[in-house]
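Visitor: For reference, the structure I am asking about is given below.
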Amino acid sequence: MGILVARTRQELRAMIGSLKSTLEDAGLRSSVGFVPTMGALHEGHATLIKKSSKENSITVVSVFVNPKQFAAHEDLDKYPRTFEADCELCLKAGAQIVFAPTPEAMYPDDFKTKISVDEMSQVMCGAHRPDHFTGVCTVVLLLLNFVAADRAYFGLKDYQQFAIISRMTQDIVHPTRIIGVTTVREEDGLALSSRNRYMDATARAAAACIPKSLRAAAEVFLSGETNAPAVLLAAREVLNSVSEFELQYCELRNAKNLTEVEARITHESVLAVAGFVQNADGVKTRLIDNVILTHDPDRLESLLDFVRLGTAVK
Ligand code: PAF
């Protein structure tokens, strides 16, 4: 069977309903997994979709470039749109339905509601993109309601987004379980992102300092350092050594509530970096990445994998 494409939430509900009844008629239990995206899908998305299709009998992927999360000067119009290839990737990775609504189908003319999560949305990326997370929360809550999934999968590259959405669904007691999935990286550690395709060789070379800086901090942390400024310094030294990289922020935050870790690292924390690299023609790309500093056995393995990836390319 090819991929099913729904353009409205009514079509989406009908498709999910019919797949569920087919499974239930055959005596099988059904569960729905959901992967929200803005399209321009890459291996990172494929990993989310594969995980969802392993854990659920039905996987829905949304492809919607959400205008509410872009500021006027940002890249909404030039955000890459590759719908045919996206559908192929979804099918290959095991999804059954692509939900690709128009902006009008998501936001009718009389749409007035904004969903926002206090404090956590104003720091880190939110300090530089003031309405961004309100746009994200508004669309994600609508999508979660439309799909009514058992589980929804988010990449941990956008850690702040994951933390805010987890907070939102917990606060409003939303029944969908939010699952964070480890970042997929290139050989030198660069996190996969739909925006990576904007970079030329010059920008790409400069971008390598981001995973390098995170790894430097992770190594200091794993060596037993619990002093936040010392861990941050390890990352900042790498970032500052590359003059082609324009740092926006490099911060250490509590992984749950995103408050700043200023002195000792006593809880699971996230070291997050955002900044710009520039193509030879002057076009800039904004990149973000992070590493979760943890001793929790459930997540320690992916931290160690990340550090090992660095050793392989040093
Ligand atoms: O991470 C993204 O691609 C977007 O922010 C999301 C979650 C699909 C909401 O538009």
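A note on labels: chains of the structure tokens are A, B, ... as shown, every chain counts residues from 1, and ligands are counted from 1 in their shown order.
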Name the residues in contact with A:Lys284 at a cut-off of 12 Å, using only C-alpha atoms, excluding same-chain residues fewer than 2 positions from it; report them as a PDB file with C-alpha atoms, in the first residue's frame.
Guide:
ATOM      1  CA  GLU A  74      12.755  34.575   9.410  1.00  0.00           C
ATOM      2  CA  ASP A  75      12.917  31.945   6.656  1.00  0.00           C
ATOM      3  CA  ARG A 195      18.470  23.840   7.643  1.00  0.00           C
ATOM      4  CA  ASN A 196      21.824  22.089   7.013  1.00  0.00           C
ATOM      5  CA  ARG A 197      21.020  22.162   3.298  1.00  0.00           C
ATOM      6  CA  TYR A 198      21.439  25.970   3.314  1.00  0.00           C
ATOM      7  CA  MET A 199      25.164  25.671   4.126  1.00  0.00           C
ATOM      8  CA  ASP A 200      28.027  25.765   1.615  1.00  0.00           C
ATOM      9  CA  THR A 202      32.685  27.294   4.237  1.00  0.00           C
ATOM     10  CA  ALA A 203      29.698  27.352   6.556  1.00  0.00           C
ATOM     11  CA  ARG A 204      29.725  23.569   6.952  1.00  0.00           C
ATOM     12  CA  ALA A 206      32.621  26.291  10.709  1.00  0.00           C
ATOM     13  CA  ALA A 207      29.541  24.359  11.911  1.00  0.00           C
ATOM     14  CA  GLU A 244      33.708  32.115  11.423  1.00  0.00           C
ATOM     15  CA  PHE A 245      31.198  30.995  14.076  1.00  0.00           C
ATOM     16  CA  GLU A 246      28.944  33.695  15.534  1.00  0.00           C
ATOM     17  CA  GLY A 275      24.801  30.419  16.656  1.00  0.00           C
ATOM     18  CA  PHE A 276      25.284  31.376  13.043  1.00  0.00           C
ATOM     19  CA  VAL A 277      27.591  30.231  10.271  1.00  0.00           C
ATOM     20  CA  GLN A 278      27.970  32.140   7.029  1.00  0.00           C
ATOM     21  CA  ASN A 279      28.231  31.021   3.396  1.00  0.00           C
ATOM     22  CA  ALA A 280      30.817  32.594   1.077  1.00  0.00           C
ATOM     23  CA  ASP A 281      27.988  34.730  -0.410  1.00  0.00           C
ATOM     24  CA  GLY A 282      27.092  36.058   3.058  1.00  0.00           C
ATOM     25  CA  ARG A 286      21.247  29.538  12.385  1.00  0.00           C
ATOM     26  CA  LEU A 287      22.135  26.239  14.026  1.00  0.00           C
TER      27      LEU A 287
END
Visitor: What's the 12 Å shell around stretch 89-94 of chain A, counting only C-alpha atoms, without same-chain residues fewer than 5 positions away, as a PDB file with C-alpha atoms, in the first residue's frame?
Guide:
ATOM      1  CA  MET A   1       0.000   0.000   0.000  1.00  0.00           C
ATOM      2  CA  GLY A   2       1.229   3.545  -0.771  1.00  0.00           C
ATOM      3  CA  ILE A   3       1.212   6.336   1.777  1.00  0.00           C
ATOM      4  CA  LEU A   4      -2.187   7.917   2.543  1.00  0.00           C
ATOM      5  CA  VAL A   5      -2.257  11.726   2.375  1.00  0.00           C
ATOM      6  CA  GLY A  33       2.226   7.008  16.987  1.00  0.00           C
ATOM      7  CA  PHE A  34       2.677  10.581  15.765  1.00  0.00           C
ATOM      8  CA  VAL A  35       5.699  12.396  14.354  1.00  0.00           C
ATOM      9  CA  PRO A  36       5.096  16.144  13.818  1.00  0.00           C
ATOM     10  CA  THR A  37       7.403  17.734  11.220  1.00  0.00           C
ATOM     11  CA  GLY A  39       8.839  18.522   6.038  1.00  0.00           C
ATOM     12  CA  ALA A  40      12.279  18.621   4.355  1.00  0.00           C
ATOM     13  CA  LEU A  41      12.698  15.261   6.025  1.00  0.00           C
ATOM     14  CA  HIS A  42      16.093  13.669   6.652  1.00  0.00           C
ATOM     15  CA  GLU A  43      17.535  10.656   8.461  1.00  0.00           C
ATOM     16  CA  GLY A  44      16.780  12.276  11.829  1.00  0.00           C
ATOM     17  CA  HIS A  45      13.060  12.256  10.982  1.00  0.00           C
ATOM     18  CA  ALA A  46      13.368   8.720   9.579  1.00  0.00           C
ATOM     19  CA  THR A  47      14.685   7.624  12.993  1.00  0.00           C
ATOM     20  CA  LEU A  48      11.622   9.134  14.722  1.00  0.00           C
ATOM     21  CA  ILE A  49       9.245   7.476  12.234  1.00  0.00           C
ATOM     22  CA  LYS A  50      10.991   4.098  12.535  1.00  0.00           C
ATOM     23  CA  LYS A  51      10.782   4.261  16.315  1.00  0.00           C
ATOM     24  CA  SER A  52       7.103   5.140  16.122  1.00  0.00           C
ATOM     25  CA  SER A  53       6.322   2.342  13.686  1.00  0.00           C
ATOM     26  CA  LYS A  54       8.165  -0.133  15.893  1.00  0.00           C
ATOM     27  CA  GLU A  55       6.169   0.905  18.952  1.00  0.00           C
ATOM     28  CA  ASN A  56       2.747   1.475  17.323  1.00  0.00           C
ATOM     29  CA  SER A  57       0.563  -0.238  14.732  1.00  0.00           C
ATOM     30  CA  ILE A  58      -0.273   3.058  12.966  1.00  0.00           C
ATOM     31  CA  THR A  59       2.133   5.976  12.413  1.00  0.00           C
ATOM     32  CA  VAL A  60       1.010   9.434  11.317  1.00  0.00           C
ATOM     33  CA  VAL A  61       3.544  12.061  10.173  1.00  0.00           C
ATOM     34  CA  SER A  62       2.434  15.665   9.835  1.00  0.00           C
ATOM     35  CA  VAL A  63       4.120  17.884   7.256  1.00  0.00           C
ATOM     36  CA  THR A  82      10.196  18.669  -0.618  1.00  0.00           C
ATOM     37  CA  PHE A  83       6.790  17.011  -0.318  1.00  0.00           C
ATOM     38  CA  GLU A  84       7.206  14.112  -2.798  1.00  0.00           C
ATOM     39  CA  PHE A  99      -1.138  14.756   7.301  1.00  0.00           C
TER      40      PHE A  99
END
Visitor: Could you find all residues in stretch 88-297 of chain A that DSSP calls strand (DSSP E or B) from the backbone, and write them as a PDB file with N, CA, C and O atoms, in the first residue's frame?
Guide:
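So the final result, stored in states.pdb, reads:
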ATOM      1  N   ILE A  97       0.265   7.221   7.273  1.00  0.00           N
ATOM      2  CA  ILE A  97      -0.483   8.433   6.892  1.00  0.00           C
ATOM      3  C   ILE A  97       0.401   9.669   6.989  1.00  0.00           C
ATOM      4  O   ILE A  97       1.138   9.842   7.970  1.00  0.00           O
ATOM      5  N   VAL A  98       0.328  10.523   5.945  1.00  0.00           N
ATOM      6  CA  VAL A  98       0.943  11.855   6.024  1.00  0.00           C
ATOM      7  C   VAL A  98      -0.202  12.860   6.124  1.00  0.00           C
ATOM      8  O   VAL A  98      -1.124  12.841   5.309  1.00  0.00           O
ATOM      9  N   PHE A  99      -0.134  13.707   7.147  1.00  0.00           N
ATOM     10  CA  PHE A  99      -1.138  14.756   7.301  1.00  0.00           C
ATOM     11  C   PHE A  99      -0.500  16.058   6.852  1.00  0.00           C
ATOM     12  O   PHE A  99       0.457  16.534   7.476  1.00  0.00           O
ATOM     13  N   ARG A 151       1.303   7.979  21.415  1.00  0.00           N
ATOM     14  CA  ARG A 151       2.650   8.502  21.664  1.00  0.00           C
ATOM     15  C   ARG A 151       3.025   9.498  20.563  1.00  0.00           C
ATOM     16  O   ARG A 151       2.683   9.273  19.389  1.00  0.00           O
ATOM     17  N   ALA A 152       3.763  10.559  20.938  1.00  0.00           N
ATOM     18  CA  ALA A 152       4.279  11.498  19.928  1.00  0.00           C
ATOM     19  C   ALA A 152       5.781  11.610  20.120  1.00  0.00           C
ATOM     20  O   ALA A 152       6.271  11.637  21.258  1.00  0.00           O
ATOM     21  N   TYR A 153       6.507  11.671  19.005  1.00  0.00           N
ATOM     22  CA  TYR A 153       7.968  11.575  19.021  1.00  0.00           C
ATOM     23  C   TYR A 153       8.600  12.895  18.594  1.00  0.00           C
ATOM     24  O   TYR A 153       8.258  13.445  17.542  1.00  0.00           O
ATOM     25  N   PHE A 154       9.542  13.375  19.400  1.00  0.00           N
ATOM     26  CA  PHE A 154      10.222  14.647  19.125  1.00  0.00           C
ATOM     27  C   PHE A 154      11.730  14.425  19.197  1.00  0.00           C
ATOM     28  O   PHE A 154      12.221  13.751  20.115  1.00  0.00           O
ATOM     29  N   GLY A 155      12.455  15.034  18.264  1.00  0.00           N
ATOM     30  CA  GLY A 155      13.908  14.922  18.272  1.00  0.00           C
ATOM     31  C   GLY A 155      14.494  15.763  19.400  1.00  0.00           C
ATOM     32  O   GLY A 155      14.042  16.888  19.646  1.00  0.00           O
ATOM     33  N   ARG A 177       1.480  10.556  25.107  1.00  0.00           N
ATOM     34  CA  ARG A 177       2.775  10.501  25.800  1.00  0.00           C
ATOM     35  C   ARG A 177       3.858  11.090  24.889  1.00  0.00           C
ATOM     36  O   ARG A 177       3.935  10.743  23.710  1.00  0.00           O
ATOM     37  N   ILE A 178       4.666  11.997  25.442  1.00  0.00           N
ATOM     38  CA  ILE A 178       5.714  12.663  24.645  1.00  0.00           C
ATOM     39  C   ILE A 178       7.028  11.905  24.818  1.00  0.00           C
ATOM     40  O   ILE A 178       7.484  11.685  25.940  1.00  0.00           O
ATOM     41  N   ILE A 179       7.628  11.540  23.685  1.00  0.00           N
ATOM     42  CA  ILE A 179       8.869  10.754  23.743  1.00  0.00           C
ATOM     43  C   ILE A 179       9.994  11.511  23.024  1.00  0.00           C
ATOM     44  O   ILE A 179       9.829  11.947  21.875  1.00  0.00           O
ATOM     45  N   GLY A 180      11.109  11.683  23.702  1.00  0.00           N
ATOM     46  CA  GLY A 180      12.271  12.365  23.113  1.00  0.00           C
ATOM     47  C   GLY A 180      13.196  11.334  22.494  1.00  0.00           C
ATOM     48  O   GLY A 180      13.452  10.289  23.086  1.00  0.00           O
ATOM     49  N   VAL A 181      13.689  11.640  21.298  1.00  0.00           N
ATOM     50  CA  VAL A 181      14.536  10.673  20.579  1.00  0.00           C
ATOM     51  C   VAL A 181      15.919  11.290  20.319  1.00  0.00           C
ATOM     52  O   VAL A 181      16.023  12.440  19.863  1.00  0.00           O
ATOM     53  N   ARG A 185      23.369  12.218  14.046  1.00  0.00           N
ATOM     54  CA  ARG A 185      24.499  13.089  13.720  1.00  0.00           C
ATOM     55  C   ARG A 185      25.270  12.609  12.508  1.00  0.00           C
ATOM     56  O   ARG A 185      25.247  11.419  12.187  1.00  0.00           O
ATOM     57  N   ALA A 191      24.713  17.756  14.094  1.00  0.00           N
ATOM     58  CA  ALA A 191      23.335  17.261  14.203  1.00  0.00           C
ATOM     59  C   ALA A 191      22.617  17.444  12.876  1.00  0.00           C
ATOM     60  O   ALA A 191      22.734  18.501  12.247  1.00  0.00           O
ATOM     61  N   ASN A 227      31.334  21.606  38.481  1.00  0.00           N
ATOM     62  CA  ASN A 227      31.289  23.061  38.527  1.00  0.00           C
ATOM     63  C   ASN A 227      30.781  23.577  37.164  1.00  0.00           C
ATOM     64  O   ASN A 227      31.453  23.392  36.135  1.00  0.00           O
ATOM     65  N   GLU A 246      29.491  32.572  14.758  1.00  0.00           N
ATOM     66  CA  GLU A 246      28.944  33.695  15.534  1.00  0.00           C
ATOM     67  C   GLU A 246      28.030  33.130  16.621  1.00  0.00           C
ATOM     68  O   GLU A 246      26.923  32.647  16.323  1.00  0.00           O
ATOM     69  N   LEU A 247      28.511  33.172  17.851  1.00  0.00           N
ATOM     70  CA  LEU A 247      27.770  32.552  18.960  1.00  0.00           C
ATOM     71  C   LEU A 247      26.563  33.392  19.365  1.00  0.00           C
ATOM     72  O   LEU A 247      26.666  34.610  19.521  1.00  0.00           O
ATOM     73  N   GLN A 248      25.418  32.729  19.517  1.00  0.00           N
ATOM     74  CA  GLN A 248      24.249  33.437  20.054  1.00  0.00           C
ATOM     75  C   GLN A 248      24.125  33.138  21.549  1.00  0.00           C
ATOM     76  O   GLN A 248      23.970  34.044  22.343  1.00  0.00           O
ATOM     77  N   TYR A 249      24.178  31.866  21.913  1.00  0.00           N
ATOM     78  CA  TYR A 249      24.259  31.545  23.338  1.00  0.00           C
ATOM     79  C   TYR A 249      24.876  30.179  23.548  1.00  0.00           C
ATOM     80  O   TYR A 249      24.859  29.322  22.654  1.00  0.00           O
ATOM     81  N   CYS A 250      25.459  30.031  24.715  1.00  0.00           N
ATOM     82  CA  CYS A 250      25.991  28.734  25.141  1.00  0.00           C
ATOM     83  C   CYS A 250      25.655  28.678  26.620  1.00  0.00           C
ATOM     84  O   CYS A 250      26.192  29.461  27.413  1.00  0.00           O
ATOM     85  N   GLU A 251      24.682  27.856  26.983  1.00  0.00           N
ATOM     86  CA  GLU A 251      24.142  27.903  28.347  1.00  0.00           C
ATOM     87  C   GLU A 251      23.962  26.516  28.931  1.00  0.00           C
ATOM     88  O   GLU A 251      23.743  25.543  28.196  1.00  0.00           O
ATOM     89  N   LEU A 252      24.014  26.480  30.251  1.00  0.00           N
ATOM     90  CA  LEU A 252      23.773  25.223  30.948  1.00  0.00           C
ATOM     91  C   LEU A 252      22.468  25.377  31.729  1.00  0.00           C
ATOM     92  O   LEU A 252      22.320  26.322  32.519  1.00  0.00           O
ATOM     93  N   ARG A 253      21.529  24.471  31.466  1.00  0.00           N
ATOM     94  CA  ARG A 253      20.183  24.612  32.044  1.00  0.00           C
ATOM     95  C   ARG A 253      19.715  23.297  32.659  1.00  0.00           C
ATOM     96  O   ARG A 253      20.092  22.221  32.166  1.00  0.00           O
ATOM     97  N   ASN A 254      18.876  23.404  33.675  1.00  0.00           N
ATOM     98  CA  ASN A 254      18.246  22.225  34.256  1.00  0.00           C
ATOM     99  C   ASN A 254      17.412  21.541  33.156  1.00  0.00           C
ATOM    100  O   ASN A 254      16.610  22.193  32.481  1.00  0.00           O
ATOM    101  N   GLU A 260      18.560  28.238  34.818  1.00  0.00           N
ATOM    102  CA  GLU A 260      20.001  28.265  34.587  1.00  0.00           C
ATOM    103  C   GLU A 260      20.758  27.534  35.704  1.00  0.00           C
ATOM    104  O   GLU A 260      20.422  27.670  36.877  1.00  0.00           O
ATOM    105  N   ARG A 264      26.726  24.534  40.936  1.00  0.00           N
ATOM    106  CA  ARG A 264      27.011  23.094  40.854  1.00  0.00           C
ATOM    107  C   ARG A 264      25.987  22.389  39.966  1.00  0.00           C
ATOM    108  O   ARG A 264      24.805  22.732  39.986  1.00  0.00           O
ATOM    109  N   SER A 269      21.237  17.970  33.372  1.00  0.00           N
ATOM    110  CA  SER A 269      21.308  19.316  32.797  1.00  0.00           C
ATOM    111  C   SER A 269      21.505  19.228  31.291  1.00  0.00           C
ATOM    112  O   SER A 269      21.960  18.207  30.777  1.00  0.00           O
ATOM    113  N   VAL A 270      21.198  20.326  30.633  1.00  0.00           N
ATOM    114  CA  VAL A 270      21.418  20.353  29.189  1.00  0.00           C
ATOM    115  C   VAL A 270      22.332  21.529  28.862  1.00  0.00           C
ATOM    116  O   VAL A 270      22.113  22.646  29.332  1.00  0.00           O
ATOM    117  N   LEU A 271      23.397  21.221  28.129  1.00  0.00           N
ATOM    118  CA  LEU A 271      24.275  22.293  27.672  1.00  0.00           C
ATOM    119  C   LEU A 271      23.859  22.584  26.237  1.00  0.00           C
ATOM    120  O   LEU A 271      23.938  21.713  25.365  1.00  0.00           O
ATOM    121  N   ALA A 272      23.350  23.795  25.998  1.00  0.00           N
ATOM    122  CA  ALA A 272      22.764  24.113  24.697  1.00  0.00           C
ATOM    123  C   ALA A 272      23.525  25.256  24.031  1.00  0.00           C
ATOM    124  O   ALA A 272      23.939  26.213  24.701  1.00  0.00           O
ATOM    125  N   VAL A 273      23.690  25.125  22.713  1.00  0.00           N
ATOM    126  CA  VAL A 273      24.422  26.123  21.929  1.00  0.00           C
ATOM    127  C   VAL A 273      23.561  26.563  20.752  1.00  0.00           C
ATOM    128  O   VAL A 273      22.872  25.742  20.135  1.00  0.00           O
ATOM    129  N   ALA A 274      23.589  27.866  20.450  1.00  0.00           N
ATOM    130  CA  ALA A 274      22.960  28.366  19.220  1.00  0.00           C
ATOM    131  C   ALA A 274      23.899  29.395  18.618  1.00  0.00           C
ATOM    132  O   ALA A 274      24.588  30.130  19.340  1.00  0.00           O
ATOM    133  N   GLY A 275      23.942  29.429  17.310  1.00  0.00           N
ATOM    134  CA  GLY A 275      24.801  30.419  16.656  1.00  0.00           C
ATOM    135  C   GLY A 275      24.646  30.374  15.146  1.00  0.00           C
ATOM    136  O   GLY A 275      23.849  29.593  14.615  1.00  0.00           O
ATOM    137  N   PHE A 276      25.416  31.230  14.494  1.00  0.00           N
ATOM    138  CA  PHE A 276      25.284  31.376  13.043  1.00  0.00           C
ATOM    139  C   PHE A 276      26.585  31.014  12.340  1.00  0.00           C
ATOM    140  O   PHE A 276      27.672  31.331  12.835  1.00  0.00           O
ATOM    141  N   VAL A 277      26.447  30.395  11.177  1.00  0.00           N
ATOM    142  CA  VAL A 277      27.591  30.231  10.271  1.00  0.00           C
ATOM    143  C   VAL A 277      27.211  30.942   8.977  1.00  0.00           C
ATOM    144  O   VAL A 277      26.028  31.146   8.691  1.00  0.00           O
ATOM    145  N   GLN A 278      28.234  31.296   8.204  1.00  0.00           N
ATOM    146  CA  GLN A 278      27.970  32.140   7.029  1.00  0.00           C
ATOM    147  C   GLN A 278      28.537  31.496   5.761  1.00  0.00           C
ATOM    148  O   GLN A 278      29.679  31.028   5.762  1.00  0.00           O
ATOM    149  N   LYS A 284      23.456  33.557   5.939  1.00  0.00           N
ATOM    150  CA  LYS A 284      23.712  32.969   7.264  1.00  0.00           C
ATOM    151  C   LYS A 284      22.733  31.840   7.563  1.00  0.00           C
ATOM    152  O   LYS A 284      21.574  31.892   7.164  1.00  0.00           O
ATOM    153  N   THR A 285      23.200  30.836   8.291  1.00  0.00           N
ATOM    154  CA  THR A 285      22.329  29.754   8.766  1.00  0.00           C
ATOM    155  C   THR A 285      22.423  29.704  10.280  1.00  0.00           C
ATOM    156  O   THR A 285      23.523  29.709  10.836  1.00  0.00           O
ATOM    157  N   ARG A 286      21.258  29.653  10.918  1.00  0.00           N
ATOM    158  CA  ARG A 286      21.247  29.538  12.385  1.00  0.00           C
ATOM    159  C   ARG A 286      21.177  28.062  12.756  1.00  0.00           C
ATOM    160  O   ARG A 286      20.334  27.321  12.249  1.00  0.00           O
ATOM    161  N   LEU A 287      22.085  27.644  13.621  1.00  0.00           N
ATOM    162  CA  LEU A 287      22.135  26.239  14.026  1.00  0.00           C
ATOM    163  C   LEU A 287      21.985  26.146  15.543  1.00  0.00           C
ATOM    164  O   LEU A 287      22.455  27.029  16.274  1.00  0.00           O
ATOM    165  N   ILE A 288      21.338  25.068  15.993  1.00  0.00           N
ATOM    166  CA  ILE A 288      21.276  24.814  17.442  1.00  0.00           C
ATOM    167  C   ILE A 288      21.655  23.366  17.698  1.00  0.00           C
ATOM    168  O   ILE A 288      21.517  22.515  16.816  1.00  0.00           O
ATOM    169  N   ASP A 289      22.144  23.116  18.898  1.00  0.00           N
ATOM    170  CA  ASP A 289      22.483  21.741  19.275  1.00  0.00           C
ATOM    171  C   ASP A 289      22.626  21.707  20.801  1.00  0.00           C
ATOM    172  O   ASP A 289      22.652  22.760  21.460  1.00  0.00           O
ATOM    173  N   ASN A 290      22.717  20.530  21.344  1.00  0.00           N
ATOM    174  CA  ASN A 290      22.851  20.406  22.799  1.00  0.00           C
ATOM    175  C   ASN A 290      23.382  19.039  23.160  1.00  0.00           C
ATOM    176  O   ASN A 290      23.372  18.114  22.338  1.00  0.00           O
ATOM    177  N   VAL A 291      23.819  18.936  24.404  1.00  0.00           N
ATOM    178  CA  VAL A 291      24.150  17.622  24.955  1.00  0.00           C
ATOM    179  C   VAL A 291      23.523  17.541  26.339  1.00  0.00           C
ATOM    180  O   VAL A 291      23.527  18.524  27.092  1.00  0.00           O
ATOM    181  N   ILE A 292      22.962  16.373  26.652  1.00  0.00           N
ATOM    182  CA  ILE A 292      22.345  16.184  27.968  1.00  0.00           C
ATOM    183  C   ILE A 292      23.407  15.601  28.885  1.00  0.00           C
ATOM    184  O   ILE A 292      23.963  14.530  28.609  1.00  0.00           O
ATOM    185  N   LEU A 293      23.705  16.344  29.949  1.00  0.00           N
ATOM    186  CA  LEU A 293      24.725  15.895  30.904  1.00  0.00           C
ATOM    187  C   LEU A 293      24.013  15.137  32.023  1.00  0.00           C
ATOM    188  O   LEU A 293      23.228  15.718  32.766  1.00  0.00           O
TER     189      LEU A 293
END
Visitor: Which residues come within 7 Å of stretch 119-128 of chain A, counting only C-alpha atoms, excluding same-chain residues fewer than 6 positions away, as a PDB file with N, CA and C atoms, in the first residue's frame?
Guide:
ATOM      1  N   ILE A 164       9.491  22.009  26.610  1.00  0.00           N
ATOM      2  CA  ILE A 164       8.281  22.843  26.700  1.00  0.00           C
ATOM      3  C   ILE A 164       7.031  22.022  26.384  1.00  0.00           C
ATOM      4  N   ASN A 257      13.262  21.916  33.877  1.00  0.00           N
ATOM      5  CA  ASN A 257      12.521  23.192  33.886  1.00  0.00           C
ATOM      6  C   ASN A 257      13.292  24.324  33.195  1.00  0.00           C
ATOM      7  N   LEU A 258      14.468  24.021  32.673  1.00  0.00           N
ATOM      8  CA  LEU A 258      15.291  24.971  31.902  1.00  0.00           C
ATOM      9  C   LEU A 258      15.762  26.185  32.707  1.00  0.00           C
TER      10      LEU A 258
END
Visitor: Kindly compile the residues surrounding ligand 1 within 7 Å, counting only C-alpha atoms and all ligand atoms, and format them as a CSV table (one decimal) with N, CA, C and O atoms, in the first residue's frame.
Guide:
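Listing of selection09.csv after writing:
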chain,number,residue,atom,x,y,z
A,36,PRO,N,5.4,14.8,14.4
A,36,PRO,CA,5.1,16.1,13.8
A,36,PRO,C,6.4,16.7,13.1
A,36,PRO,O,7.4,16.6,13.7
A,37,THR,N,6.2,17.2,11.9
A,37,THR,CA,7.4,17.7,11.2
A,37,THR,C,7.0,19.0,10.4
A,37,THR,O,5.8,19.2,10.2
A,38,MET,N,8.0,19.7,9.9
A,38,MET,CA,7.7,20.7,8.9
A,38,MET,C,8.2,20.3,7.6
A,38,MET,O,8.5,21.2,6.7
A,64,PHE,N,3.9,20.2,7.9
A,64,PHE,CA,3.2,21.5,7.9
A,64,PHE,C,4.2,22.5,8.4
A,64,PHE,O,4.7,22.5,9.5
A,65,VAL,N,4.5,23.5,7.4
A,65,VAL,CA,5.4,24.6,7.8
A,65,VAL,C,4.5,25.6,8.5
A,65,VAL,O,3.8,26.3,7.8
A,66,ASN,N,4.7,25.7,9.8
A,66,ASN,CA,3.8,26.4,10.6
A,66,ASN,C,4.1,27.9,10.6
A,66,ASN,O,5.1,28.3,11.3
A,136,VAL,N,4.8,27.3,18.3
A,136,VAL,CA,5.1,25.8,18.3
A,136,VAL,C,4.0,25.1,19.2
A,136,VAL,O,3.4,24.2,18.8
A,139,VAL,N,0.5,25.1,17.5
A,139,VAL,CA,0.3,24.1,16.4
A,139,VAL,C,0.4,22.6,17.0
A,139,VAL,O,-0.3,21.8,16.6
A,140,VAL,N,1.3,22.4,17.9
A,140,VAL,CA,1.5,21.1,18.4
A,140,VAL,C,0.3,20.6,19.2
A,140,VAL,O,-0.2,19.5,19.0
A,158,ASP,N,16.1,19.6,19.2
A,158,ASP,CA,15.4,20.8,19.6
A,158,ASP,C,15.0,20.5,21.1
A,158,ASP,O,13.8,20.3,21.4
Visitor: List every residue of stretch 69-268 of chain A that DSSP, applied to the backbone of this structure, places in helix (DSSP H, G or I), and write the result as a VMD selection string.
Guide: chain A and resid 69 83 to 93 103 to 106 125 to 128 132 to 147 159 to 171 194 to 198 201 to 207 209 to 222 228 to 240
Visitor: In Å, with one decimal, what is the gap from atom CA of A:Ser302 to atom CA of A:Leu222?
Guide: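 Atom CA of A:Leu222 lies at a distance of 12.7 Å from atom CA of A:Ser302.
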Visitor: May I ask for the distance between atom CA of A:Ala105 and atom CA of A:Gln10, given in Å to one decimal place?
Guide: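 Atom CA of A:Ala105 sits 10.2 Å away from atom CA of A:Gln10.
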Visitor: With only C-alpha atoms as the atoms that count, which of A:Val283, A:Thr134, A:Ser213, A:Thr294 lies nearest to A:His267?
Guide: A:Thr294
